[in-house]
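Q: entry_20.cif (mmCIF, C-alpha atoms and all ligand atoms) pasted underneath:
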```cif
data_query
loop_
_atom_site.group_PDB
_atom_site.id
_atom_site.type_symbol
_atom_site.label_atom_id
_atom_site.label_comp_id
_atom_site.auth_asym_id
_atom_site.auth_seq_id
_atom_site.Cartn_x
_atom_site.Cartn_y
_atom_site.Cartn_z
ATOM 1 C CA MET A 1 19.154 2.211 -4.316
ATOM 2 C CA SER A 2 21.390 0.853 -7.084
ATOM 3 C CA GLU A 3 20.420 1.354 -10.737
ATOM 4 C CA ASN A 4 20.342 -2.343 -11.679
ATOM 5 C CA LYS A 5 18.981 -3.845 -8.483
ATOM 6 C CA LEU A 6 15.277 -3.879 -7.662
ATOM 7 C CA PRO A 7 14.557 -1.942 -4.458
ATOM 8 C CA THR A 8 13.711 -3.820 -1.262
ATOM 9 C CA ILE A 9 10.131 -3.111 -0.191
ATOM 10 C CA ALA A 10 8.986 -3.288 3.428
ATOM 11 C CA ILE A 11 5.271 -3.703 4.014
ATOM 12 C CA LEU A 12 4.623 -2.321 7.497
ATOM 13 C CA GLY A 13 1.610 -4.016 9.067
ATOM 14 C CA GLY A 14 1.971 -6.561 6.278
ATOM 15 C CA THR A 15 0.360 -9.465 8.147
ATOM 16 C CA GLY A 16 -3.273 -8.456 7.528
ATOM 17 C CA LYS A 17 -5.308 -8.435 4.314
ATOM 18 C CA GLU A 18 -3.979 -5.644 2.073
ATOM 19 C CA GLY A 19 -0.271 -6.036 2.903
ATOM 20 C CA PRO A 20 0.097 -9.692 1.833
ATOM 21 C CA GLY A 21 -1.825 -8.910 -1.375
ATOM 22 C CA LEU A 22 0.679 -6.203 -2.332
ATOM 23 C CA ALA A 23 3.585 -8.398 -1.183
ATOM 24 C CA MET A 24 2.454 -11.245 -3.452
ATOM 25 C CA ARG A 25 2.332 -8.950 -6.494
ATOM 26 C CA TRP A 26 5.789 -7.451 -5.949
ATOM 27 C CA ALA A 27 7.409 -10.710 -4.911
ATOM 28 C CA SER A 28 6.053 -12.265 -8.128
ATOM 29 C CA ALA A 29 7.720 -9.415 -10.052
ATOM 30 C CA GLY A 30 11.071 -10.220 -8.384
ATOM 31 C CA TYR A 31 11.265 -7.482 -5.711
ATOM 32 C CA PRO A 32 12.845 -8.415 -2.364
ATOM 33 C CA ILE A 33 10.004 -8.117 0.178
ATOM 34 C CA ILE A 34 10.093 -7.677 3.949
ATOM 35 C CA ILE A 35 6.822 -8.259 5.761
ATOM 36 C CA GLY A 36 6.649 -6.038 8.858
ATOM 37 C CA SER A 37 4.671 -6.634 12.022
ATOM 38 C CA ARG A 38 4.687 -5.514 15.648
ATOM 39 C CA GLN A 39 5.835 -9.084 16.375
ATOM 40 C CA GLU A 40 8.804 -10.539 14.529
ATOM 41 C CA GLU A 41 7.455 -14.131 14.740
ATOM 42 C CA LYS A 42 4.114 -13.079 13.214
ATOM 43 C CA ALA A 43 5.949 -11.350 10.337
ATOM 44 C CA GLN A 44 8.071 -14.449 9.774
ATOM 45 C CA ALA A 45 4.991 -16.696 9.786
ATOM 46 C CA THR A 46 3.244 -14.550 7.136
ATOM 47 C CA ALA A 47 6.431 -14.429 5.062
ATOM 48 C CA ALA A 48 6.783 -18.236 5.240
ATOM 49 C CA GLU A 49 3.134 -18.668 4.216
ATOM 50 C CA LEU A 50 3.587 -16.385 1.194
ATOM 51 C CA ARG A 51 6.873 -18.079 0.180
ATOM 52 C CA GLN A 52 5.091 -21.412 0.215
ATOM 53 C CA LYS A 53 2.054 -20.119 -1.678
ATOM 54 C CA LEU A 54 4.131 -18.471 -4.416
ATOM 55 C CA LYS A 55 7.035 -20.947 -4.476
ATOM 56 C CA LEU A 56 9.396 -17.974 -4.129
ATOM 57 C CA GLU A 57 12.238 -17.209 -1.714
ATOM 58 C CA ASN A 58 12.306 -13.380 -1.852
ATOM 59 C CA ILE A 59 9.939 -12.714 1.100
ATOM 60 C CA HIS A 60 11.151 -12.323 4.694
ATOM 61 C CA GLY A 61 9.635 -11.127 7.945
ATOM 62 C CA MET A 62 10.835 -8.627 10.588
ATOM 63 C CA GLU A 63 9.528 -6.344 13.304
ATOM 64 C CA ASN A 64 8.174 -3.137 11.685
ATOM 65 C CA SER A 65 11.011 -0.724 12.533
ATOM 66 C CA ALA A 66 13.737 -3.223 11.555
ATOM 67 C CA ALA A 67 11.846 -3.803 8.290
ATOM 68 C CA ALA A 68 11.648 -0.048 7.631
ATOM 69 C CA ARG A 69 15.382 0.422 8.288
ATOM 70 C CA GLN A 70 16.343 -2.428 5.976
ATOM 71 C CA ALA A 71 14.114 -1.343 3.067
ATOM 72 C CA ASP A 72 14.609 1.157 0.245
ATOM 73 C CA LEU A 73 10.897 1.926 0.106
ATOM 74 C CA CYS A 74 8.145 1.270 2.681
ATOM 75 C CA VAL A 75 4.408 0.746 2.332
ATOM 76 C CA LEU A 76 2.084 1.285 5.302
ATOM 77 C CA THR A 77 -0.839 -1.154 5.598
ATOM 78 C CA VAL A 78 -1.597 -1.097 9.321
ATOM 79 C CA VAL A 79 -5.257 -1.161 10.318
ATOM 80 C CA GLN A 80 -6.619 2.373 9.997
ATOM 81 C CA ALA A 81 -7.233 2.807 13.753
ATOM 82 C CA ALA A 82 -3.472 2.344 14.352
ATOM 83 C CA HIS A 83 -2.373 4.814 11.660
ATOM 84 C CA GLN A 84 -1.194 7.606 13.961
ATOM 85 C CA SER A 85 0.367 5.431 16.689
ATOM 86 C CA ALA A 86 2.186 3.234 14.166
ATOM 87 C CA LEU A 87 3.663 6.279 12.414
ATOM 88 C CA GLU A 88 4.823 7.811 15.696
ATOM 89 C CA GLY A 89 6.673 4.589 16.490
ATOM 90 C CA LEU A 90 8.273 4.396 13.038
ATOM 91 C CA LYS A 91 9.275 8.059 12.667
ATOM 92 C CA GLU A 92 13.026 7.561 13.113
ATOM 93 C CA ALA A 93 13.223 4.383 11.021
ATOM 94 C CA LEU A 94 11.451 6.033 8.080
ATOM 95 C CA GLN A 95 13.654 9.126 7.735
ATOM 96 C CA GLY A 96 15.089 9.457 4.225
ATOM 97 C CA LYS A 97 12.736 6.827 2.745
ATOM 98 C CA ILE A 98 9.719 6.911 0.502
ATOM 99 C CA LEU A 99 6.645 5.880 2.502
ATOM 100 C CA VAL A 100 3.563 4.826 0.562
ATOM 101 C CA ASP A 101 0.400 5.187 2.640
ATOM 102 C CA ALA A 102 -2.430 2.832 1.588
ATOM 103 C CA THR A 103 -4.719 3.929 4.418
ATOM 104 C CA ALA A 104 -8.370 4.573 3.606
ATOM 105 C CA ARG A 105 -10.139 5.780 6.757
ATOM 106 C CA VAL A 106 -13.516 4.278 5.928
ATOM 107 C CA ASP A 107 -15.620 2.087 8.207
ATOM 108 C CA PHE A 108 -16.916 -0.787 6.068
ATOM 109 C CA ARG A 109 -20.009 -1.040 8.327
ATOM 110 C CA ASP A 110 -20.935 2.588 7.619
ATOM 111 C CA PRO A 111 -18.969 3.759 4.554
ATOM 112 C CA ARG A 112 -18.697 7.519 4.178
ATOM 113 C CA PRO A 113 -15.893 9.882 3.123
ATOM 114 C CA PRO A 114 -13.349 10.744 5.838
ATOM 115 C CA ALA A 115 -12.798 14.257 7.175
ATOM 116 C CA PRO A 116 -9.759 16.246 5.966
ATOM 117 C CA PRO A 117 -6.814 16.211 5.950
ATOM 118 C CA SER A 118 -5.903 13.041 4.016
ATOM 119 C CA ALA A 119 -4.293 10.175 5.919
ATOM 120 C CA ALA A 120 -1.110 10.781 3.929
ATOM 121 C CA ARG A 121 -1.057 14.482 4.918
ATOM 122 C CA LEU A 122 -1.519 13.448 8.555
ATOM 123 C CA ALA A 123 1.376 11.031 8.079
ATOM 124 C CA GLN A 124 3.601 13.745 6.584
ATOM 125 C CA ASN A 125 2.761 16.005 9.553
ATOM 126 C CA ILE A 126 3.775 13.266 12.005
ATOM 127 C CA LEU A 127 6.906 12.144 10.145
ATOM 128 C CA GLY A 128 8.198 15.545 9.016
ATOM 129 C CA GLU A 129 9.728 16.577 5.707
ATOM 130 C CA GLY A 130 12.511 13.976 5.941
ATOM 131 C CA VAL A 131 10.101 11.301 4.684
ATOM 132 C CA ARG A 132 8.958 11.304 1.050
ATOM 133 C CA MET A 133 5.209 10.657 1.399
ATOM 134 C CA VAL A 134 3.150 9.097 -1.362
ATOM 135 C CA ALA A 135 -0.498 7.990 -1.094
ATOM 136 C CA ALA A 136 -1.547 4.996 -3.225
ATOM 137 C CA PHE A 137 -3.435 1.662 -3.328
ATOM 138 C CA GLN A 138 -6.335 2.882 -1.104
ATOM 139 C CA ASN A 139 -8.802 1.747 -3.805
ATOM 140 C CA VAL A 140 -7.183 -1.616 -4.590
ATOM 141 C CA PRO A 141 -9.065 -4.452 -2.865
ATOM 142 C CA ALA A 142 -7.048 -7.105 -1.066
ATOM 143 C CA HIS A 143 -9.180 -9.802 -2.709
ATOM 144 C CA ALA A 144 -8.241 -8.584 -6.193
ATOM 145 C CA LEU A 145 -4.515 -8.312 -5.335
ATOM 146 C CA LYS A 146 -4.383 -11.940 -4.184
ATOM 147 C CA LYS A 147 -6.024 -13.334 -7.335
ATOM 148 C CA ASN A 148 -3.409 -14.453 -9.930
ATOM 149 C CA PRO A 149 -0.597 -12.283 -8.494
ATOM 150 C CA GLY A 150 1.666 -12.642 -11.547
ATOM 151 C CA GLN A 151 -1.069 -11.411 -13.919
ATOM 152 C CA PRO A 152 -2.323 -7.896 -14.812
ATOM 153 C CA MET A 153 -5.154 -6.582 -12.631
ATOM 154 C CA ASP A 154 -8.440 -5.052 -13.645
ATOM 155 C CA ALA A 155 -7.882 -2.077 -11.302
ATOM 156 C CA ASP A 156 -6.127 1.279 -11.568
ATOM 157 C CA VAL A 157 -4.169 3.113 -8.894
ATOM 158 C CA LEU A 158 -4.341 6.842 -8.173
ATOM 159 C CA VAL A 159 -1.002 8.079 -6.855
ATOM 160 C CA CYS A 160 -0.886 11.369 -4.907
ATOM 161 C CA ALA A 161 2.271 13.089 -3.699
ATOM 162 C CA ASP A 162 3.740 16.567 -3.419
ATOM 163 C CA ASP A 163 7.036 14.923 -4.463
ATOM 164 C CA VAL A 164 6.366 14.013 -8.110
ATOM 165 C CA GLU A 165 9.609 12.031 -8.494
ATOM 166 C CA ALA A 166 8.635 9.813 -5.547
ATOM 167 C CA ALA A 167 5.171 9.384 -7.111
ATOM 168 C CA GLU A 168 6.806 8.278 -10.388
ATOM 169 C CA GLN A 169 8.729 5.567 -8.503
ATOM 170 C CA VAL A 170 5.478 4.307 -6.978
ATOM 171 C CA ILE A 171 3.759 4.362 -10.385
ATOM 172 C CA ARG A 172 6.528 2.080 -11.708
ATOM 173 C CA LEU A 173 6.081 -0.181 -8.700
ATOM 174 C CA ALA A 174 2.312 -0.422 -9.233
ATOM 175 C CA GLU A 175 2.943 -1.236 -12.896
ATOM 176 C CA ALA A 176 5.409 -3.966 -11.895
ATOM 177 C CA GLY A 177 2.583 -5.424 -9.776
ATOM 178 C CA GLY A 178 0.247 -5.605 -12.778
ATOM 179 C CA MET A 179 -1.700 -2.387 -12.131
ATOM 180 C CA ARG A 180 -2.060 0.762 -14.216
ATOM 181 C CA ALA A 181 -1.222 3.802 -12.111
ATOM 182 C CA TYR A 182 -1.684 7.541 -12.592
ATOM 183 C CA TYR A 183 -0.307 10.624 -10.896
ATOM 184 C CA ALA A 184 -3.381 12.300 -9.393
ATOM 185 C CA GLY A 185 -2.063 15.445 -7.708
ATOM 186 C CA GLY A 186 -0.680 16.390 -4.336
ATOM 187 C CA LEU A 187 -1.055 14.703 -0.939
ATOM 188 C CA ASP A 188 -4.246 16.629 -0.145
ATOM 189 C CA ASN A 189 -5.973 14.998 -3.151
ATOM 190 C CA ALA A 190 -5.499 11.656 -1.403
ATOM 191 C CA LEU A 191 -8.533 12.597 0.726
ATOM 192 C CA VAL A 192 -10.685 12.190 -2.396
ATOM 193 C CA VAL A 193 -9.040 8.824 -3.128
ATOM 194 C CA GLU A 194 -9.917 7.660 0.398
ATOM 195 C CA GLY A 195 -13.488 8.862 -0.288
ATOM 196 C CA ILE A 196 -13.590 6.684 -3.426
ATOM 197 C CA THR A 197 -12.977 3.701 -1.131
ATOM 198 C CA SER A 198 -16.231 4.636 0.611
ATOM 199 C CA LEU A 199 -17.975 4.469 -2.797
ATOM 200 C CA LEU A 200 -16.350 1.126 -3.625
ATOM 201 C CA ILE A 201 -17.363 -0.433 -0.292
ATOM 202 C CA SER A 202 -20.947 0.746 -0.904
ATOM 203 C CA ILE A 203 -20.837 -0.760 -4.428
ATOM 204 C CA ASN A 204 -19.430 -4.037 -3.043
ATOM 205 C CA GLN A 205 -22.201 -4.218 -0.460
ATOM 206 C CA HIS A 206 -24.994 -3.418 -2.918
ATOM 207 C CA TYR A 207 -23.825 -5.886 -5.583
ATOM 208 C CA GLY A 208 -22.575 -8.607 -3.213
ATOM 209 C CA VAL A 209 -18.952 -8.544 -4.440
ATOM 210 C CA LYS A 210 -15.521 -7.837 -2.843
ATOM 211 C CA THR A 211 -13.542 -6.503 -5.778
ATOM 212 C CA ALA A 212 -15.170 -3.294 -7.086
ATOM 213 C CA SER A 213 -12.391 -0.960 -8.252
ATOM 214 C CA ILE A 214 -11.785 1.991 -10.568
ATOM 215 C CA ARG A 215 -10.492 2.549 -14.103
ATOM 216 C CA VAL A 216 -9.136 5.819 -15.545
ATOM 217 C CA THR A 217 -10.099 6.412 -19.183
ATOM 218 C CA GLY A 218 -9.117 9.039 -21.738
ATOM 219 C CA ILE A 219 -5.349 8.440 -21.590
ATOM 220 C CA ASP A 220 -3.660 6.890 -24.614
ATOM 221 C CA HIS A 221 -1.269 4.096 -23.548
ATOM 222 C CA SER A 222 0.010 3.304 -27.049
HETATM 223 N N1 LIG B 301 -8.432 -4.674 3.022
HETATM 224 C C1 LIG B 301 -8.520 -4.031 1.865
HETATM 225 O O1 LIG B 301 -9.106 -4.534 0.869
HETATM 226 C C2 LIG B 301 -7.888 -2.671 1.705
HETATM 227 C C3 LIG B 301 -7.916 -2.052 0.438
HETATM 228 C C4 LIG B 301 -7.289 -0.815 0.270
HETATM 229 C C5 LIG B 301 -6.686 -0.187 1.355
HETATM 230 N N2 LIG B 301 -6.706 -0.801 2.583
HETATM 231 C C6 LIG B 301 -6.063 -0.108 3.712
HETATM 232 O O2 LIG B 301 -4.958 -0.886 4.109
HETATM 233 C C7 LIG B 301 -4.805 -0.800 5.534
HETATM 234 C C8 LIG B 301 -4.797 -2.210 6.105
HETATM 235 O O3 LIG B 301 -6.032 -2.820 5.841
HETATM 236 P P1 LIG B 301 -6.241 -4.380 6.187
HETATM 237 O O4 LIG B 301 -7.614 -4.702 5.741
HETATM 238 O O5 LIG B 301 -5.077 -5.135 5.679
HETATM 239 O O6 LIG B 301 -6.170 -4.303 7.793
HETATM 240 P P2 LIG B 301 -6.057 -5.476 8.856
HETATM 241 O O7 LIG B 301 -5.916 -6.777 8.155
HETATM 242 O O8 LIG B 301 -7.210 -5.331 9.804
HETATM 243 O O9 LIG B 301 -4.736 -5.080 9.682
HETATM 244 C C9 LIG B 301 -3.463 -4.926 9.102
HETATM 245 C C10 LIG B 301 -2.395 -5.043 10.166
HETATM 246 O O10 LIG B 301 -2.443 -3.921 11.070
HETATM 247 C C11 LIG B 301 -1.613 -4.279 12.170
HETATM 248 N N3 LIG B 301 -2.096 -3.655 13.408
HETATM 249 C C12 LIG B 301 -3.245 -3.901 14.076
HETATM 250 N N4 LIG B 301 -3.325 -3.127 15.182
HETATM 251 C C13 LIG B 301 -2.184 -2.393 15.212
HETATM 252 C C14 LIG B 301 -1.642 -1.419 16.119
HETATM 253 N N5 LIG B 301 -2.316 -1.042 17.211
HETATM 254 N N6 LIG B 301 -0.445 -0.859 15.814
HETATM 255 C C15 LIG B 301 0.248 -1.223 14.705
HETATM 256 N N7 LIG B 301 -0.203 -2.159 13.826
HETATM 257 C C16 LIG B 301 -1.400 -2.716 14.080
HETATM 258 C C17 LIG B 301 -1.672 -5.807 12.289
HETATM 259 O O11 LIG B 301 -0.340 -6.283 12.132
HETATM 260 P P3 LIG B 301 0.516 -6.927 13.346
HETATM 261 O O12 LIG B 301 -0.462 -7.465 14.360
HETATM 262 O O13 LIG B 301 1.239 -8.036 12.641
HETATM 263 O O14 LIG B 301 1.391 -5.840 13.830
HETATM 264 C C18 LIG B 301 -2.531 -6.219 11.112
HETATM 265 O O15 LIG B 301 -2.125 -7.419 10.481
HETATM 266 C C19 LIG B 301 -5.966 0.049 6.070
HETATM 267 O O16 LIG B 301 -5.522 1.356 6.277
HETATM 268 C C20 LIG B 301 -6.968 0.024 4.937
HETATM 269 O O17 LIG B 301 -7.715 1.208 4.869
HETATM 270 C C21 LIG B 301 -7.282 -2.032 2.781
#
```
With the file now loaded, output its structure as C-alpha cells.
Ligand SMILES: NC(=O)c1ccc[n+]([C@@H]2O[C@H](COP(=O)([O-])OP(=O)(O)OC[C@H]3O[C@@H](n4cnc5c(N)ncnc54)[C@H](OP(=O)(O)O)[C@@H]3O)[C@@H](O)[C@H]2O)c1
A:
Amino acid sequence: MSENKLPTIAILGGTGKEGPGLAMRWASAGYPIIIGSRQEEKAQATAAELRQKLKLENIHGMENSAAARQADLCVLTVVQAAHQSALEGLKEALQGKILVDATARVDFRDPRPPAPPSAARLAQNILGEGVRMVAAFQNVPAHALKKNPGQPMDADVLVCADDVEAAEQVIRLAEAGGMRAYYAGGLDNALVVEGITSLLISINQHYGVKTASIRVTGIDHS
C-alpha cells in the first residue's frame, strides 16, 4: 500500500445489504472499491448500480477471490450462514491482507447473543495467522449506511483486533466513511459486539425503526 494512494477495498459478499452500504461510504470518500460476489456478473451489476447512484467511477465488480487478491484490504459481508464456507474458499486469496469481519451471528426473527467464540475468532482460526483479522461494523445498520453516504453518520463503530495496528487502519477507514470508531479490545471482545447487534435488532423491532445504533461517550474528541 503506497503512502499517498488510498488503499483498494474489496467487499466480499458485497451484493447484499450491508456491503453496498459500506461501499457507498468509502467510494464517496474516494477509495477504489471492488464489489465481490460468487458470480462475477452479479458483482458487476451491483457495482454499475452504485456507480450510477453515486455518479462515481471508482467502483468495480469481480468474483470474490479475484476481488480479494486485487485489494489492499478486504471486508467480509457474506450472509452469516455462509461465514465458514466463504472463508474456507477465500483462505489463499486473503493471505497477507487485513480482513475486516462485519458478521453478526444474530437471527433477526429471534435475536439473542451468539455463542462463543466471536465470528472474527472463528475466521482467524480458519484463515491462520497470515491474515490480519479485525472485527468491525457489526452494529452499523445497512439502512443508516445508505442514507446520505457523503455525510457523517449518527453511529459509532467498535473495532476489535489482536493486531492493534490493523485496528488503527480500520478506525481511519471508518472515519473516512463518516463514522466515529473506537478500539474495543481483542478479537474475543467481538463476541460482545455481535451481542449488541441482538440488542439493536430488539430495539428496532420494539420501536418500529431500522437504524438503532450505538454511541460511545466519555472520550474527548477536541
Ligand atoms: N444488514 C445489516 O444491516 C447488517 C448490519 C451489520 C452487520 N451485518 C452483517 O453483514 C453480513 C451481511 O449481511 P447482509 O444483510 O448484507 O446479508 P445478505 O444481504 O443476506 O447477503 C450478503 C451476501 O452474501 C452472499 N452469499 C449468500 N449466500 C452465500 C454463500 N453460500 N456463500 C458465499 N456468499 C454467500 C450473497 O452474495 P453473492 O450471491 O453475490 O455471492 C449476498 O449478497 C452478515 O454477516 C450480517 O450479520 C449486516
Q: Could you list, with a cut-off of 8 Å and counting all atoms listed in the file, the residues of chain A near ligand LIG 301 (chain B), each shown with its nearest atom pair and the distance in Å rounded to one decimal, rows sorted by chain and ascending number, as JSON lines?
A:
```
{"residue": "A:Leu12", "atom": "CA", "partner": "B:LIG301", "partner_atom": "O11", "distance": 7.9}
{"residue": "A:Gly13", "atom": "CA", "partner": "B:LIG301", "partner_atom": "C10", "distance": 4.3}
{"residue": "A:Gly14", "atom": "CA", "partner": "B:LIG301", "partner_atom": "O15", "distance": 5.9}
{"residue": "A:Thr15", "atom": "CA", "partner": "B:LIG301", "partner_atom": "O15", "distance": 4.0}
{"residue": "A:Gly16", "atom": "CA", "partner": "B:LIG301", "partner_atom": "O7", "distance": 3.2}
{"residue": "A:Lys17", "atom": "CA", "partner": "B:LIG301", "partner_atom": "O5", "distance": 3.6}
{"residue": "A:Glu18", "atom": "CA", "partner": "B:LIG301", "partner_atom": "O5", "distance": 3.8}
{"residue": "A:Gly19", "atom": "CA", "partner": "B:LIG301", "partner_atom": "O5", "distance": 5.6}
{"residue": "A:Pro20", "atom": "CA", "partner": "B:LIG301", "partner_atom": "O5", "distance": 7.9}
{"residue": "A:Gly36", "atom": "CA", "partner": "B:LIG301", "partner_atom": "O13", "distance": 6.9}
{"residue": "A:Ser37", "atom": "CA", "partner": "B:LIG301", "partner_atom": "O13", "distance": 3.8}
{"residue": "A:Arg38", "atom": "CA", "partner": "B:LIG301", "partner_atom": "O14", "distance": 3.8}
{"residue": "A:Gln39", "atom": "CA", "partner": "B:LIG301", "partner_atom": "O13", "distance": 6.0}
{"residue": "A:Lys42", "atom": "CA", "partner": "B:LIG301", "partner_atom": "O13", "distance": 5.8}
{"residue": "A:Ala43", "atom": "CA", "partner": "B:LIG301", "partner_atom": "O13", "distance": 6.2}
{"residue": "A:Asn64", "atom": "CA", "partner": "B:LIG301", "partner_atom": "O14", "distance": 7.6}
{"residue": "A:Leu76", "atom": "CA", "partner": "B:LIG301", "partner_atom": "C7", "distance": 7.2}
{"residue": "A:Thr77", "atom": "CA", "partner": "B:LIG301", "partner_atom": "C7", "distance": 4.0}
{"residue": "A:Val78", "atom": "CA", "partner": "B:LIG301", "partner_atom": "O10", "distance": 3.4}
{"residue": "A:Val79", "atom": "CA", "partner": "B:LIG301", "partner_atom": "O9", "distance": 4.0}
{"residue": "A:Gln80", "atom": "CA", "partner": "B:LIG301", "partner_atom": "O16", "distance": 4.0}
{"residue": "A:Ala81", "atom": "CA", "partner": "B:LIG301", "partner_atom": "N5", "distance": 7.1}
{"residue": "A:Ala82", "atom": "CA", "partner": "B:LIG301", "partner_atom": "C14", "distance": 4.5}
{"residue": "A:His83", "atom": "CA", "partner": "B:LIG301", "partner_atom": "O16", "distance": 7.1}
{"residue": "A:Ser85", "atom": "CA", "partner": "B:LIG301", "partner_atom": "N6", "distance": 6.4}
{"residue": "A:Ala86", "atom": "CA", "partner": "B:LIG301", "partner_atom": "C15", "distance": 4.9}
{"residue": "A:Asp101", "atom": "CA", "partner": "B:LIG301", "partner_atom": "O16", "distance": 7.9}
{"residue": "A:Ala102", "atom": "CA", "partner": "B:LIG301", "partner_atom": "C6", "distance": 5.1}
{"residue": "A:Thr103", "atom": "CA", "partner": "B:LIG301", "partner_atom": "O16", "distance": 3.3}
{"residue": "A:Ala104", "atom": "CA", "partner": "B:LIG301", "partner_atom": "O17", "distance": 3.7}
{"residue": "A:Arg105", "atom": "CA", "partner": "B:LIG301", "partner_atom": "O17", "distance": 5.5}
{"residue": "A:Val106", "atom": "CA", "partner": "B:LIG301", "partner_atom": "O17", "distance": 6.6}
{"residue": "A:Phe137", "atom": "CA", "partner": "B:LIG301", "partner_atom": "C4", "distance": 5.8}
{"residue": "A:Gln138", "atom": "CA", "partner": "B:LIG301", "partner_atom": "C5", "distance": 3.9}
{"residue": "A:Asn139", "atom": "CA", "partner": "B:LIG301", "partner_atom": "C4", "distance": 5.0}
{"residue": "A:Val140", "atom": "CA", "partner": "B:LIG301", "partner_atom": "C4", "distance": 4.9}
{"residue": "A:Pro141", "atom": "CA", "partner": "B:LIG301", "partner_atom": "O1", "distance": 3.7}
{"residue": "A:Ala142", "atom": "CA", "partner": "B:LIG301", "partner_atom": "O1", "distance": 3.8}
{"residue": "A:His143", "atom": "CA", "partner": "B:LIG301", "partner_atom": "O1", "distance": 6.4}
{"residue": "A:Thr197", "atom": "CA", "partner": "B:LIG301", "partner_atom": "C4", "distance": 7.4}
```
Q: Could you state which residues are captured by the PyMOL selection byres (((chain A and resi 190) around 12) and not hetatm) in this file, as a ChimeraX atom specification?
A: /A:100-105,113-123,133-139,157-162,183-189,191-197
Q: Write out as an mmCIF file with C-alpha atoms, in the coordinates of the input the residues lying within 12 Å of A:Lys147, counting all atoms listed in the file and excluding same-chain residues fewer than 3 positions away.
A:
```cif
data_model
loop_
_atom_site.group_PDB
_atom_site.id
_atom_site.type_symbol
_atom_site.label_atom_id
_atom_site.label_comp_id
_atom_site.auth_asym_id
_atom_site.auth_seq_id
_atom_site.Cartn_x
_atom_site.Cartn_y
_atom_site.Cartn_z
ATOM 1 C CA PRO A 20 0.097 -9.692 1.833
ATOM 2 C CA GLY A 21 -1.825 -8.910 -1.375
ATOM 3 C CA LEU A 22 0.679 -6.203 -2.332
ATOM 4 C CA MET A 24 2.454 -11.245 -3.452
ATOM 5 C CA ARG A 25 2.332 -8.950 -6.494
ATOM 6 C CA LYS A 53 2.054 -20.119 -1.678
ATOM 7 C CA LEU A 54 4.131 -18.471 -4.416
ATOM 8 C CA PRO A 141 -9.065 -4.452 -2.865
ATOM 9 C CA ALA A 142 -7.048 -7.105 -1.066
ATOM 10 C CA HIS A 143 -9.180 -9.802 -2.709
ATOM 11 C CA ALA A 144 -8.241 -8.584 -6.193
ATOM 12 C CA GLY A 150 1.666 -12.642 -11.547
ATOM 13 C CA GLN A 151 -1.069 -11.411 -13.919
ATOM 14 C CA PRO A 152 -2.323 -7.896 -14.812
ATOM 15 C CA MET A 153 -5.154 -6.582 -12.631
ATOM 16 C CA ASP A 154 -8.440 -5.052 -13.645
ATOM 17 C CA GLY A 177 2.583 -5.424 -9.776
ATOM 18 C CA GLY A 178 0.247 -5.605 -12.778
ATOM 19 C CA LYS A 210 -15.521 -7.837 -2.843
ATOM 20 C CA THR A 211 -13.542 -6.503 -5.778
#
```
Q: Provide the atom CA of A:Leu145 to atom CA of A:Leu90 distance in Å, to one decimal place.
A: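 Atom CA of A:Leu90 lies at a distance of 25.7 Å from atom CA of A:Leu145.
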Q: Run the PyMOL selection byres (((chain A and resi 127-132) around 7) and not hetatm) on the file and write out the hits as a list of chain:residue names.
A: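 Selected by the PyMOL selection byres (((chain A and resi 127-132) around 7) and not hetatm) here: A:Lys91, A:Leu94, A:Gln95, A:Gly96, A:Lys97, A:Ile98, A:Leu99, A:Ala123, A:Gln124, A:Asn125, A:Ile126, A:Met133, A:Val134, A:Asp163, A:Ala166.
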Q: Applied to this file, what does the PyMOL selection byres (((chain A and resi 72) around 7) and not hetatm) return in terms of residues, put as a PyMOL selection string?
A: chain A and resi 1+7-9+70-71+73-74+97
Q: Please indicate the distance in Å from atom CA of A:Met179 to atom CA of A:Asp220, rounded to one decimal place.
A: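 Result for atom CA of A:Met179 versus atom CA of A:Asp220: 15.7 Å, one decimal.
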Q: Between A:Ala29, A:Ile214, A:Ile201, A:Ala10, which is the closest to A:Asp110 once you count only C-alpha atoms?
A: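 Comparing A:Ala29, A:Ile214, A:Ile201, A:Ala10 against A:Asp110, the winner is A:Ile201.
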Q: For a quick check of understanding, using all atoms listed in the file, which of A:Arg51, A:Val75, A:Met62, A:Leu56 has the smallest distance to A:Ile11?
A: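 Closest to A:Ile11 of all the choices is A:Val75.
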Q: Atom CA of A:Ile33 and atom CA of A:Ala93, how far apart in Å?
A: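 One can read the atom CA of A:Ala93 to atom CA of A:Ile33 distance as 16.9 Å.
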Q: Could you write out as AutoDock Vina command-line options the box around stretch 154-168 of chain A (axis-aligned, all atoms listed in the file, 3 Å on each side), with centre and edge lengths in Å to one decimal?
A:
```
--center_x 0.6 --center_y 5.8 --center_z -8.5 --size_x 24.0 --size_y 27.6 --size_z 16.2
```
Q: Please return as an MDAnalysis selection string every residue within 7 Å of (11.5, -14.8, -6.3), taking into account all atoms listed in the file and the file's own coordinates.
A: chainID A and resid 27:28 30 56:58
